[in-house]
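**Q** I have a structure here, written as structure tokens, and I will follow up with some questions on it.
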Amino acid sequence: MSRIVRQRKRKSRRAKPSLRAIWRTNIDDHTIGLAWSPDGKILAAAGVSGPITLFNGAEGAVQHRLPGHALDTMAISWHKDSRLLASVGQDGKVRVWDAETGRQRSELAGGASWVERVAFSPVGDWLVSAAGRKLRLWNSNGELIREYPDANSTITDIKWRYDGKQFAISAYNGVVLYDTAEAEPLRRFEWQGSTLTLEWSPDGKYIATGDQDSTVHFWIADTGQDLQMWGYETKVLELAWSFNSRYLATGGGTQIVIWDCTGKGPANTRPIMLEGHQHLIKHLEFQRKGMLLASGGNDGLLAIWKIKKKKPALLADAVFKAPIASLVWSPDDRCIAVSDESGALSIAAVKRV
């Protein structure tokens, strides 16, 4: 167990801005999700009121406007081949769209009036959805493969392991692991508290969770052993792993807290602390193969950090007119898409460092 010691936070070093705008637009809606297709050619932007816009990633031209969900869209996810996009919403449906034609391929019953979560496997041909306590596994053709026993409480998040064969869900009582070939859960990591979000480390060793009681848990996937980090300002909804599984960046306040997971792990170690945001951090994301970390906050600040153990640095920042709603790196790590709550959407290139 480790506690954050704020008096010993590490300050970042500011460098000259290195962001170059590529294109900008406005979707006139609060963006609930941004997602690049795996091939990097399309950027999907889902508005909270329902519609989903598919942009040409290079130049910003609108390729298709999908109707999305009649009430609100909740989440989106791309298939590995970049042709299919799944979405879920408050109409109780899972919808699968053909990105080339803009037409709906499948309409699936989520199992409850709201479907909050959806995730395509990064490797296999599976799609998992969560609606309240209902958990269902589909294939990309829209065929139901399996409905799992109801979770103990509302499912708050779903994440796949790197190999696409197992996935984890979070709920009130901790984390549950599933295998696509098994009808029953593989393992339960129980904890008496409300788990809000989870991220599986790229190497599959750790499952990190952000919790309602202002803590972060590290679960060791092979053993079920857990480590708890506490001292956050508020509940933790922001987690991001570096591509090499060394660092876990966490929000839960106005400062970014980064745990080093090398050696014996993060227990009883002092985290890296990064200052820069004036209000709560809302989004964190590492590059897919690099060590740049993007953060976005309620202050409208987008910040790009170079993460090193001894000399972390703030490389670039930009201020939006409204709180940051979504951010995501492109698959090649060369640019980042950012939207704010007013609907402004910007794609910027980051200089190589």
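Here's how to read the names in the structure tokens: chain A, B, ... by the order shown, residue numbers from 1 in each chain, ligand numbers from 1 in the order shown.
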Please identify all polymer residues within 12 Å of Ile145 in chain A, counting only C-alpha atoms, omitting same-chain residues fewer than 2 positions from it, and present them as a PyMOL selection string.
**A** chain A and resi 125-129+135-143+147-148+180-183
**Q** Could you write those residues out with N, CA and C atoms, as a PDB file, in the first residue's frame?
**A**
```pdb
ATOM      1  N   ASP A 125     -12.576 -12.010 -33.316  1.00  0.00           N
ATOM      2  CA  ASP A 125     -13.767 -11.497 -33.985  1.00  0.00           C
ATOM      3  C   ASP A 125     -14.932 -11.407 -33.005  1.00  0.00           C
ATOM      4  N   TRP A 126     -14.661 -10.959 -31.775  1.00  0.00           N
ATOM      5  CA  TRP A 126     -15.671 -10.902 -30.739  1.00  0.00           C
ATOM      6  C   TRP A 126     -16.005  -9.464 -30.375  1.00  0.00           C
ATOM      7  N   LEU A 127     -17.227  -9.296 -29.917  1.00  0.00           N
ATOM      8  CA  LEU A 127     -17.721  -8.014 -29.432  1.00  0.00           C
ATOM      9  C   LEU A 127     -18.429  -8.272 -28.115  1.00  0.00           C
ATOM     10  N   VAL A 128     -18.075  -7.520 -27.084  1.00  0.00           N
ATOM     11  CA  VAL A 128     -18.716  -7.702 -25.789  1.00  0.00           C
ATOM     12  C   VAL A 128     -19.460  -6.421 -25.431  1.00  0.00           C
ATOM     13  N   SER A 129     -20.662  -6.577 -24.868  1.00  0.00           N
ATOM     14  CA  SER A 129     -21.478  -5.426 -24.486  1.00  0.00           C
ATOM     15  C   SER A 129     -21.953  -5.591 -23.046  1.00  0.00           C
ATOM     16  N   LEU A 135     -24.288  -9.009 -19.459  1.00  0.00           N
ATOM     17  CA  LEU A 135     -23.036  -9.105 -20.188  1.00  0.00           C
ATOM     18  C   LEU A 135     -23.209 -10.099 -21.326  1.00  0.00           C
ATOM     19  N   ARG A 136     -22.995  -9.640 -22.568  1.00  0.00           N
ATOM     20  CA  ARG A 136     -23.226 -10.494 -23.731  1.00  0.00           C
ATOM     21  C   ARG A 136     -22.036 -10.460 -24.672  1.00  0.00           C
ATOM     22  N   LEU A 137     -21.781 -11.622 -25.283  1.00  0.00           N
ATOM     23  CA  LEU A 137     -20.679 -11.783 -26.231  1.00  0.00           C
ATOM     24  C   LEU A 137     -21.265 -12.087 -27.605  1.00  0.00           C
ATOM     25  N   TRP A 138     -20.795 -11.339 -28.619  1.00  0.00           N
ATOM     26  CA  TRP A 138     -21.296 -11.471 -29.980  1.00  0.00           C
ATOM     27  C   TRP A 138     -20.132 -11.701 -30.934  1.00  0.00           C
ATOM     28  N   ASN A 139     -20.448 -12.117 -32.170  1.00  0.00           N
ATOM     29  CA  ASN A 139     -19.435 -12.045 -33.214  1.00  0.00           C
ATOM     30  C   ASN A 139     -19.746 -10.835 -34.095  1.00  0.00           C
ATOM     31  N   SER A 140     -18.859 -10.533 -35.031  1.00  0.00           N
ATOM     32  CA  SER A 140     -19.010  -9.313 -35.823  1.00  0.00           C
ATOM     33  C   SER A 140     -20.205  -9.368 -36.780  1.00  0.00           C
ATOM     34  N   ASN A 141     -20.786 -10.546 -36.982  1.00  0.00           N
ATOM     35  CA  ASN A 141     -21.977 -10.684 -37.811  1.00  0.00           C
ATOM     36  C   ASN A 141     -23.264 -10.419 -37.026  1.00  0.00           C
ATOM     37  N   GLY A 142     -23.107 -10.129 -35.733  1.00  0.00           N
ATOM     38  CA  GLY A 142     -24.270  -9.840 -34.915  1.00  0.00           C
ATOM     39  C   GLY A 142     -24.923 -11.052 -34.297  1.00  0.00           C
ATOM     40  N   GLU A 143     -24.260 -12.179 -34.318  1.00  0.00           N
ATOM     41  CA  GLU A 143     -24.799 -13.400 -33.725  1.00  0.00           C
ATOM     42  C   GLU A 143     -24.403 -13.486 -32.256  1.00  0.00           C
ATOM     43  N   GLU A 147     -24.534 -15.386 -23.431  1.00  0.00           N
ATOM     44  CA  GLU A 147     -24.952 -14.442 -22.404  1.00  0.00           C
ATOM     45  C   GLU A 147     -24.473 -14.971 -21.070  1.00  0.00           C
ATOM     46  N   TYR A 148     -23.684 -14.204 -20.384  1.00  0.00           N
ATOM     47  CA  TYR A 148     -23.090 -14.644 -19.121  1.00  0.00           C
ATOM     48  C   TYR A 148     -24.083 -14.441 -17.971  1.00  0.00           C
ATOM     49  N   THR A 180     -13.322 -16.062 -23.659  1.00  0.00           N
ATOM     50  CA  THR A 180     -14.339 -16.186 -24.702  1.00  0.00           C
ATOM     51  C   THR A 180     -14.806 -17.627 -24.907  1.00  0.00           C
ATOM     52  N   ALA A 181     -13.988 -18.604 -24.481  1.00  0.00           N
ATOM     53  CA  ALA A 181     -14.340 -20.010 -24.681  1.00  0.00           C
ATOM     54  C   ALA A 181     -15.096 -20.607 -23.499  1.00  0.00           C
ATOM     55  N   GLU A 182     -15.270 -19.834 -22.423  1.00  0.00           N
ATOM     56  CA  GLU A 182     -15.882 -20.370 -21.211  1.00  0.00           C
ATOM     57  C   GLU A 182     -17.191 -19.657 -20.907  1.00  0.00           C
ATOM     58  N   ALA A 183     -18.168 -20.422 -20.404  1.00  0.00           N
ATOM     59  CA  ALA A 183     -19.485 -19.862 -20.094  1.00  0.00           C
ATOM     60  C   ALA A 183     -19.526 -19.191 -18.727  1.00  0.00           C
TER      61      ALA A 183
END
```
**Q** Which residues come within 7 Å of range 251-261 of chain A, counting only C-alpha atoms, excluding same-chain residues fewer than 2 positions away, as a list in words?
**A**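 In the requested form, the answer reads Ser214, Tyr232, Glu233, Thr234, Lys235, Val236, Leu237, Glu238, Leu239, Arg246, Tyr247, Leu248, Ala249, Gly263, Gly265, Pro266, Pro271, Ile272, Met273, Leu274, Glu275, His277, Gln278, His279, Leu280 and Ile281 of chain A.
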**Q** Determine, using only C-alpha atoms, which residues of range 93-195 of chain A have any atom at most 10 Å from an atom of range 56-80 of chain A, and tabulate each with its shortest atom pair and distance in Å to one decimal place, rows ordered by chain and then rising number, as CSV.
**A**
```
residue,atom,partner,partner_atom,distance
A:Lys93,CA,A:His69,CA,7.9
A:Val94,CA,A:His69,CA,9.1
A:Arg95,CA,A:Gly68,CA,7.8
A:Val96,CA,A:Ser77,CA,9.5
A:Trp97,CA,A:Leu66,CA,8.2
A:Asp98,CA,A:Leu66,CA,9.9
A:Ala99,CA,A:His64,CA,7.8
A:Glu100,CA,A:Gln63,CA,8.5
A:Thr101,CA,A:His64,CA,7.9
A:Gly102,CA,A:His64,CA,5.6
A:Arg103,CA,A:Leu66,CA,7.7
A:Gln104,CA,A:Leu66,CA,8.5
A:Trp114,CA,A:Met74,CA,8.6
A:Val115,CA,A:Met74,CA,7.3
A:Glu116,CA,A:Met74,CA,5.5
A:Arg117,CA,A:Ala75,CA,5.9
A:Val118,CA,A:Ala75,CA,6.4
A:Ala119,CA,A:Ser77,CA,5.4
A:Phe120,CA,A:His79,CA,5.6
A:Ser121,CA,A:His79,CA,7.3
A:Pro122,CA,A:Lys80,CA,5.8
A:Val123,CA,A:Lys80,CA,6.6
A:Gly124,CA,A:Lys80,CA,8.1
A:Asp125,CA,A:His79,CA,7.9
A:Trp126,CA,A:His79,CA,8.8
A:Leu127,CA,A:His79,CA,8.5
A:Ser140,CA,A:His79,CA,8.0
```
**Q** Nearest residue to Asp39 in chain A out of A:Lys321, A:Arg83, A:Lys159, A:Arg20, using only C-alpha atoms?
**A** A:Arg83
**Q** Which residues, written as a tab-separated table (two decimals) with N, CA and C atoms, in the first residue's frame, have at least one atom at most 8 Å from range 161-175 of chain A, with only C-alpha atoms counted and residues fewer than 5 positions away on the same chain left out?
**A**
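Written file, result.tsv:
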```tsv
chain	number	residue	atom	x	y	z
A	121	SER	N	-12.89	-7.06	-29.60
A	121	SER	CA	-11.60	-7.67	-29.26
A	121	SER	C	-10.51	-7.08	-30.15
A	122	PRO	N	-9.30	-6.81	-29.60
A	122	PRO	CA	-8.22	-6.26	-30.42
A	122	PRO	C	-7.64	-7.27	-31.41
A	123	VAL	N	-7.94	-8.55	-31.22
A	123	VAL	CA	-7.37	-9.60	-32.07
A	123	VAL	C	-8.44	-10.47	-32.69
A	124	GLY	N	-9.34	-11.00	-31.90
A	124	GLY	CA	-10.35	-11.93	-32.39
A	124	GLY	C	-11.54	-11.23	-33.02
A	151	ALA	N	-24.01	-9.97	-13.63
A	151	ALA	CA	-22.99	-9.49	-12.69
A	151	ALA	C	-23.66	-9.14	-11.36
A	152	ASN	N	-22.86	-9.04	-10.30
A	152	ASN	CA	-23.41	-8.75	-8.98
A	152	ASN	C	-23.98	-7.34	-8.88
A	153	SER	N	-23.52	-6.45	-9.74
A	153	SER	CA	-24.00	-5.07	-9.74
A	153	SER	C	-23.79	-4.49	-11.13
A	154	THR	N	-24.14	-3.25	-11.34
A	154	THR	CA	-23.99	-2.61	-12.64
A	154	THR	C	-22.54	-2.65	-13.11
A	155	ILE	N	-22.33	-3.08	-14.33
A	155	ILE	CA	-20.98	-3.16	-14.90
A	155	ILE	C	-20.54	-1.75	-15.28
A	156	THR	N	-19.38	-1.34	-14.78
A	156	THR	CA	-18.90	0.03	-15.00
A	156	THR	C	-17.86	0.14	-16.10
A	180	THR	N	-13.32	-16.06	-23.66
A	180	THR	CA	-14.34	-16.19	-24.70
A	180	THR	C	-14.81	-17.63	-24.91
A	188	ARG	N	-12.52	-14.13	-9.95
A	188	ARG	CA	-13.05	-12.92	-9.35
A	188	ARG	C	-12.00	-12.31	-8.42
A	189	PHE	N	-11.76	-11.03	-8.61
A	189	PHE	CA	-10.88	-10.28	-7.71
A	189	PHE	C	-11.79	-9.41	-6.85
A	190	GLU	N	-12.12	-9.89	-5.66
A	190	GLU	CA	-13.14	-9.25	-4.85
A	190	GLU	C	-12.57	-8.15	-3.97
A	191	TRP	N	-13.35	-7.09	-3.90
A	191	TRP	CA	-13.02	-5.96	-3.04
A	191	TRP	C	-14.31	-5.25	-2.68
A	192	GLN	N	-14.50	-4.94	-1.41
A	192	GLN	CA	-15.74	-4.34	-0.94
A	192	GLN	C	-15.71	-2.83	-1.17
A	193	GLY	N	-16.02	-2.46	-2.37
A	193	GLY	CA	-16.06	-1.05	-2.72
A	193	GLY	C	-16.54	-0.91	-4.15
A	194	SER	N	-16.71	0.34	-4.59
A	194	SER	CA	-17.22	0.61	-5.92
A	194	SER	C	-16.06	0.87	-6.88
A	195	THR	N	-15.85	-0.03	-7.82
A	195	THR	CA	-14.82	0.10	-8.85
A	195	THR	C	-15.44	0.78	-10.07
A	196	LEU	N	-14.83	1.87	-10.53
A	196	LEU	CA	-15.42	2.71	-11.56
A	196	LEU	C	-14.85	2.48	-12.94
A	197	THR	N	-13.58	2.13	-13.02
A	197	THR	CA	-12.92	1.97	-14.32
A	197	THR	C	-11.74	1.02	-14.17
A	198	LEU	N	-11.30	0.44	-15.28
A	198	LEU	CA	-10.15	-0.46	-15.23
A	198	LEU	C	-9.34	-0.34	-16.50
A	200	TRP	N	-6.13	-2.79	-18.33
A	200	TRP	CA	-5.23	-3.94	-18.31
A	200	TRP	C	-3.87	-3.49	-18.85
A	202	PRO	N	-0.42	-3.45	-20.84
A	202	PRO	CA	-0.17	-4.07	-22.15
A	202	PRO	C	0.47	-5.45	-22.09
A	203	ASP	N	1.25	-5.74	-21.04
A	203	ASP	CA	1.86	-7.06	-20.93
A	203	ASP	C	0.96	-8.07	-20.23
A	204	GLY	N	-0.22	-7.64	-19.78
A	204	GLY	CA	-1.17	-8.54	-19.14
A	204	GLY	C	-0.89	-8.84	-17.68
```
**Q** So, with only C-alpha atoms as the atoms that count, which of A:Leu315, A:Leu186, A:Leu301, A:Ala208 lies closest to Ser339 in chain A?
**A**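 Selected residue with least distance to Ser339 in chain A: A:Leu301.
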**Q** For a test of reading the model, state the distance in Å between CA of Phe243 in chain A and CA of Met291 in chain A, rounded to one decimal.
**A**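 Computing it gives 7.7 Å between the two atoms.
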**Q** When distances are computed from only C-alpha atoms, which of A:Leu19, A:Leu108, A:Val216, A:Val48 shows the smallest separation from Ser326 in chain A?
**A**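 The closest residue to Ser326 in chain A is A:Val48.
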**Q** From the DSSP assignment of the backbone, select every residue of range 89-245 of chain A that is strand (DSSP E or B), and format the answer as a ChimeraX atom specification.
**A** /A:89,93-98,104-109,117-120,126-131,134-139,144-147,157-160,166-171,174-179,187-190,195-200,206-211,215-220,226-230,239-241
**Q** When you look at Leu292 in chain A with a cut-off of 6 Å (counting only C-alpha atoms), what residues show up, excluding the ones that are within fewer than 3 positions of it in the same chain? I need them as a list in words.
**A**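 With the cut-off at 6 Å, the set is Phe286, Gln287, Trp305 and Lys306 of chain A.
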**Q** Would you pick out the contacts of Val328 in chain A at 12 Å or less, using only C-alpha atoms, so that residues sharing its chain but fewer than 3 positions from it are not included, and give the list as a PDB file with N, CA and C atoms, in the first residue's frame?
**A**
```pdb
ATOM      1  N   GLY A  33     -17.328  10.348 -27.145  1.00  0.00           N
ATOM      2  CA  GLY A  33     -16.212   9.459 -27.460  1.00  0.00           C
ATOM      3  C   GLY A  33     -15.568   9.779 -28.791  1.00  0.00           C
ATOM      4  N   LEU A  34     -14.246   9.675 -28.838  1.00  0.00           N
ATOM      5  CA  LEU A  34     -13.465   9.773 -30.064  1.00  0.00           C
ATOM      6  C   LEU A  34     -12.726   8.465 -30.248  1.00  0.00           C
ATOM      7  N   ALA A  35     -12.670   7.966 -31.476  1.00  0.00           N
ATOM      8  CA  ALA A  35     -11.975   6.696 -31.718  1.00  0.00           C
ATOM      9  C   ALA A  35     -11.425   6.674 -33.139  1.00  0.00           C
ATOM     10  N   TRP A  36     -10.102   6.509 -33.258  1.00  0.00           N
ATOM     11  CA  TRP A  36      -9.478   6.315 -34.562  1.00  0.00           C
ATOM     12  C   TRP A  36      -9.678   4.870 -35.008  1.00  0.00           C
ATOM     13  N   SER A  37      -9.946   4.679 -36.286  1.00  0.00           N
ATOM     14  CA  SER A  37      -9.935   3.323 -36.822  1.00  0.00           C
ATOM     15  C   SER A  37      -8.521   2.774 -36.711  1.00  0.00           C
ATOM     16  N   GLY A  40      -5.976   4.088 -38.977  1.00  0.00           N
ATOM     17  CA  GLY A  40      -5.724   5.514 -38.876  1.00  0.00           C
ATOM     18  C   GLY A  40      -6.390   6.374 -39.928  1.00  0.00           C
ATOM     19  N   LEU A  43     -11.603   8.947 -38.258  1.00  0.00           N
ATOM     20  CA  LEU A  43     -11.821   9.341 -36.870  1.00  0.00           C
ATOM     21  C   LEU A  43     -13.327   9.380 -36.635  1.00  0.00           C
ATOM     22  N   ALA A  44     -13.803   8.590 -35.680  1.00  0.00           N
ATOM     23  CA  ALA A  44     -15.219   8.579 -35.322  1.00  0.00           C
ATOM     24  C   ALA A  44     -15.430   9.476 -34.115  1.00  0.00           C
ATOM     25  N   ALA A  45     -16.428  10.359 -34.204  1.00  0.00           N
ATOM     26  CA  ALA A  45     -16.770  11.246 -33.103  1.00  0.00           C
ATOM     27  C   ALA A  45     -18.241  11.051 -32.763  1.00  0.00           C
ATOM     28  N   ALA A 240      -4.089   5.391 -17.393  1.00  0.00           N
ATOM     29  CA  ALA A 240      -3.428   5.192 -18.688  1.00  0.00           C
ATOM     30  C   ALA A 240      -2.093   4.488 -18.479  1.00  0.00           C
ATOM     31  N   HIS A 283      -9.031  13.376 -18.524  1.00  0.00           N
ATOM     32  CA  HIS A 283      -8.611  12.390 -19.515  1.00  0.00           C
ATOM     33  C   HIS A 283      -7.094  12.244 -19.502  1.00  0.00           C
ATOM     34  N   LEU A 284      -6.626  10.999 -19.635  1.00  0.00           N
ATOM     35  CA  LEU A 284      -5.209  10.681 -19.740  1.00  0.00           C
ATOM     36  C   LEU A 284      -5.029   9.615 -20.801  1.00  0.00           C
ATOM     37  N   GLU A 285      -4.006   9.773 -21.653  1.00  0.00           N
ATOM     38  CA  GLU A 285      -3.730   8.716 -22.630  1.00  0.00           C
ATOM     39  C   GLU A 285      -2.276   8.767 -23.075  1.00  0.00           C
ATOM     40  N   PHE A 286      -1.593   7.632 -22.952  1.00  0.00           N
ATOM     41  CA  PHE A 286      -0.249   7.469 -23.478  1.00  0.00           C
ATOM     42  C   PHE A 286      -0.307   7.167 -24.967  1.00  0.00           C
ATOM     43  N   GLN A 287       0.789   7.514 -25.668  1.00  0.00           N
ATOM     44  CA  GLN A 287       0.949   7.044 -27.038  1.00  0.00           C
ATOM     45  C   GLN A 287       0.954   5.523 -27.067  1.00  0.00           C
ATOM     46  N   ARG A 288       0.678   4.965 -28.230  1.00  0.00           N
ATOM     47  CA  ARG A 288       0.616   3.514 -28.356  1.00  0.00           C
ATOM     48  C   ARG A 288       1.984   2.861 -28.331  1.00  0.00           C
ATOM     49  N   LEU A 293       2.592  11.458 -22.963  1.00  0.00           N
ATOM     50  CA  LEU A 293       1.325  11.328 -22.262  1.00  0.00           C
ATOM     51  C   LEU A 293       0.508  12.587 -22.512  1.00  0.00           C
ATOM     52  N   ALA A 294      -0.735  12.418 -22.931  1.00  0.00           N
ATOM     53  CA  ALA A 294      -1.646  13.543 -23.109  1.00  0.00           C
ATOM     54  C   ALA A 294      -2.603  13.605 -21.931  1.00  0.00           C
ATOM     55  N   SER A 295      -2.842  14.819 -21.436  1.00  0.00           N
ATOM     56  CA  SER A 295      -3.809  15.011 -20.358  1.00  0.00           C
ATOM     57  C   SER A 295      -4.758  16.136 -20.735  1.00  0.00           C
ATOM     58  N   GLY A 296      -6.006  16.005 -20.336  1.00  0.00           N
ATOM     59  CA  GLY A 296      -7.016  17.031 -20.576  1.00  0.00           C
ATOM     60  C   GLY A 296      -7.835  17.244 -19.332  1.00  0.00           C
ATOM     61  N   LEU A 302      -5.153  21.156 -22.660  1.00  0.00           N
ATOM     62  CA  LEU A 302      -4.542  19.952 -23.206  1.00  0.00           C
ATOM     63  C   LEU A 302      -3.043  20.072 -22.995  1.00  0.00           C
ATOM     64  N   ILE A 304       0.828  17.965 -23.205  1.00  0.00           N
ATOM     65  CA  ILE A 304       1.597  16.831 -23.705  1.00  0.00           C
ATOM     66  C   ILE A 304       2.870  16.739 -22.885  1.00  0.00           C
ATOM     67  N   ILE A 324     -12.198  19.762 -21.542  1.00  0.00           N
ATOM     68  CA  ILE A 324     -11.862  18.714 -22.505  1.00  0.00           C
ATOM     69  C   ILE A 324     -12.855  17.567 -22.349  1.00  0.00           C
ATOM     70  N   ALA A 325     -13.460  17.160 -23.471  1.00  0.00           N
ATOM     71  CA  ALA A 325     -14.458  16.086 -23.441  1.00  0.00           C
ATOM     72  C   ALA A 325     -13.864  14.738 -23.816  1.00  0.00           C
ATOM     73  N   PRO A 331      -3.230   6.048 -34.406  1.00  0.00           N
ATOM     74  CA  PRO A 331      -2.508   4.772 -34.313  1.00  0.00           C
ATOM     75  C   PRO A 331      -1.010   4.884 -34.564  1.00  0.00           C
ATOM     76  N   ASP A 332      -0.568   5.865 -35.388  1.00  0.00           N
ATOM     77  CA  ASP A 332       0.863   6.018 -35.644  1.00  0.00           C
ATOM     78  C   ASP A 332       1.542   6.967 -34.656  1.00  0.00           C
ATOM     79  N   ASP A 333       0.792   7.471 -33.657  1.00  0.00           N
ATOM     80  CA  ASP A 333       1.317   8.348 -32.606  1.00  0.00           C
ATOM     81  C   ASP A 333       1.745   9.723 -33.093  1.00  0.00           C
ATOM     82  N   ARG A 334       1.466  10.071 -34.333  1.00  0.00           N
ATOM     83  CA  ARG A 334       1.964  11.335 -34.867  1.00  0.00           C
ATOM     84  C   ARG A 334       1.056  12.517 -34.560  1.00  0.00           C
ATOM     85  N   CYS A 335      -0.199  12.252 -34.264  1.00  0.00           N
ATOM     86  CA  CYS A 335      -1.099  13.360 -33.961  1.00  0.00           C
ATOM     87  C   CYS A 335      -2.121  12.936 -32.923  1.00  0.00           C
ATOM     88  N   ILE A 336      -2.807  13.925 -32.388  1.00  0.00           N
ATOM     89  CA  ILE A 336      -3.790  13.668 -31.345  1.00  0.00           C
ATOM     90  C   ILE A 336      -5.080  14.396 -31.693  1.00  0.00           C
ATOM     91  N   ALA A 337      -6.205  13.728 -31.465  1.00  0.00           N
ATOM     92  CA  ALA A 337      -7.520  14.322 -31.656  1.00  0.00           C
ATOM     93  C   ALA A 337      -8.071  14.725 -30.297  1.00  0.00           C
ATOM     94  N   VAL A 338      -8.583  15.947 -30.210  1.00  0.00           N
ATOM     95  CA  VAL A 338      -9.086  16.485 -28.949  1.00  0.00           C
ATOM     96  C   VAL A 338     -10.402  17.211 -29.201  1.00  0.00           C
ATOM     97  N   SER A 339     -11.374  16.975 -28.346  1.00  0.00           N
ATOM     98  CA  SER A 339     -12.632  17.711 -28.426  1.00  0.00           C
ATOM     99  C   SER A 339     -12.954  18.306 -27.065  1.00  0.00           C
ATOM    100  N   LEU A 345     -13.577  20.344 -32.240  1.00  0.00           N
ATOM    101  CA  LEU A 345     -12.728  19.174 -32.477  1.00  0.00           C
ATOM    102  C   LEU A 345     -11.486  19.609 -33.211  1.00  0.00           C
ATOM    103  N   SER A 346     -10.313  19.268 -32.684  1.00  0.00           N
ATOM    104  CA  SER A 346      -9.035  19.644 -33.282  1.00  0.00           C
ATOM    105  C   SER A 346      -8.137  18.437 -33.401  1.00  0.00           C
ATOM    106  N   ILE A 347      -7.405  18.376 -34.504  1.00  0.00           N
ATOM    107  CA  ILE A 347      -6.380  17.358 -34.699  1.00  0.00           C
ATOM    108  C   ILE A 347      -5.059  18.085 -34.853  1.00  0.00           C
ATOM    109  N   ALA A 348      -4.104  17.734 -34.018  1.00  0.00           N
ATOM    110  CA  ALA A 348      -2.809  18.408 -34.009  1.00  0.00           C
ATOM    111  C   ALA A 348      -1.689  17.398 -34.114  1.00  0.00           C
TER     112      ALA A 348
END
```
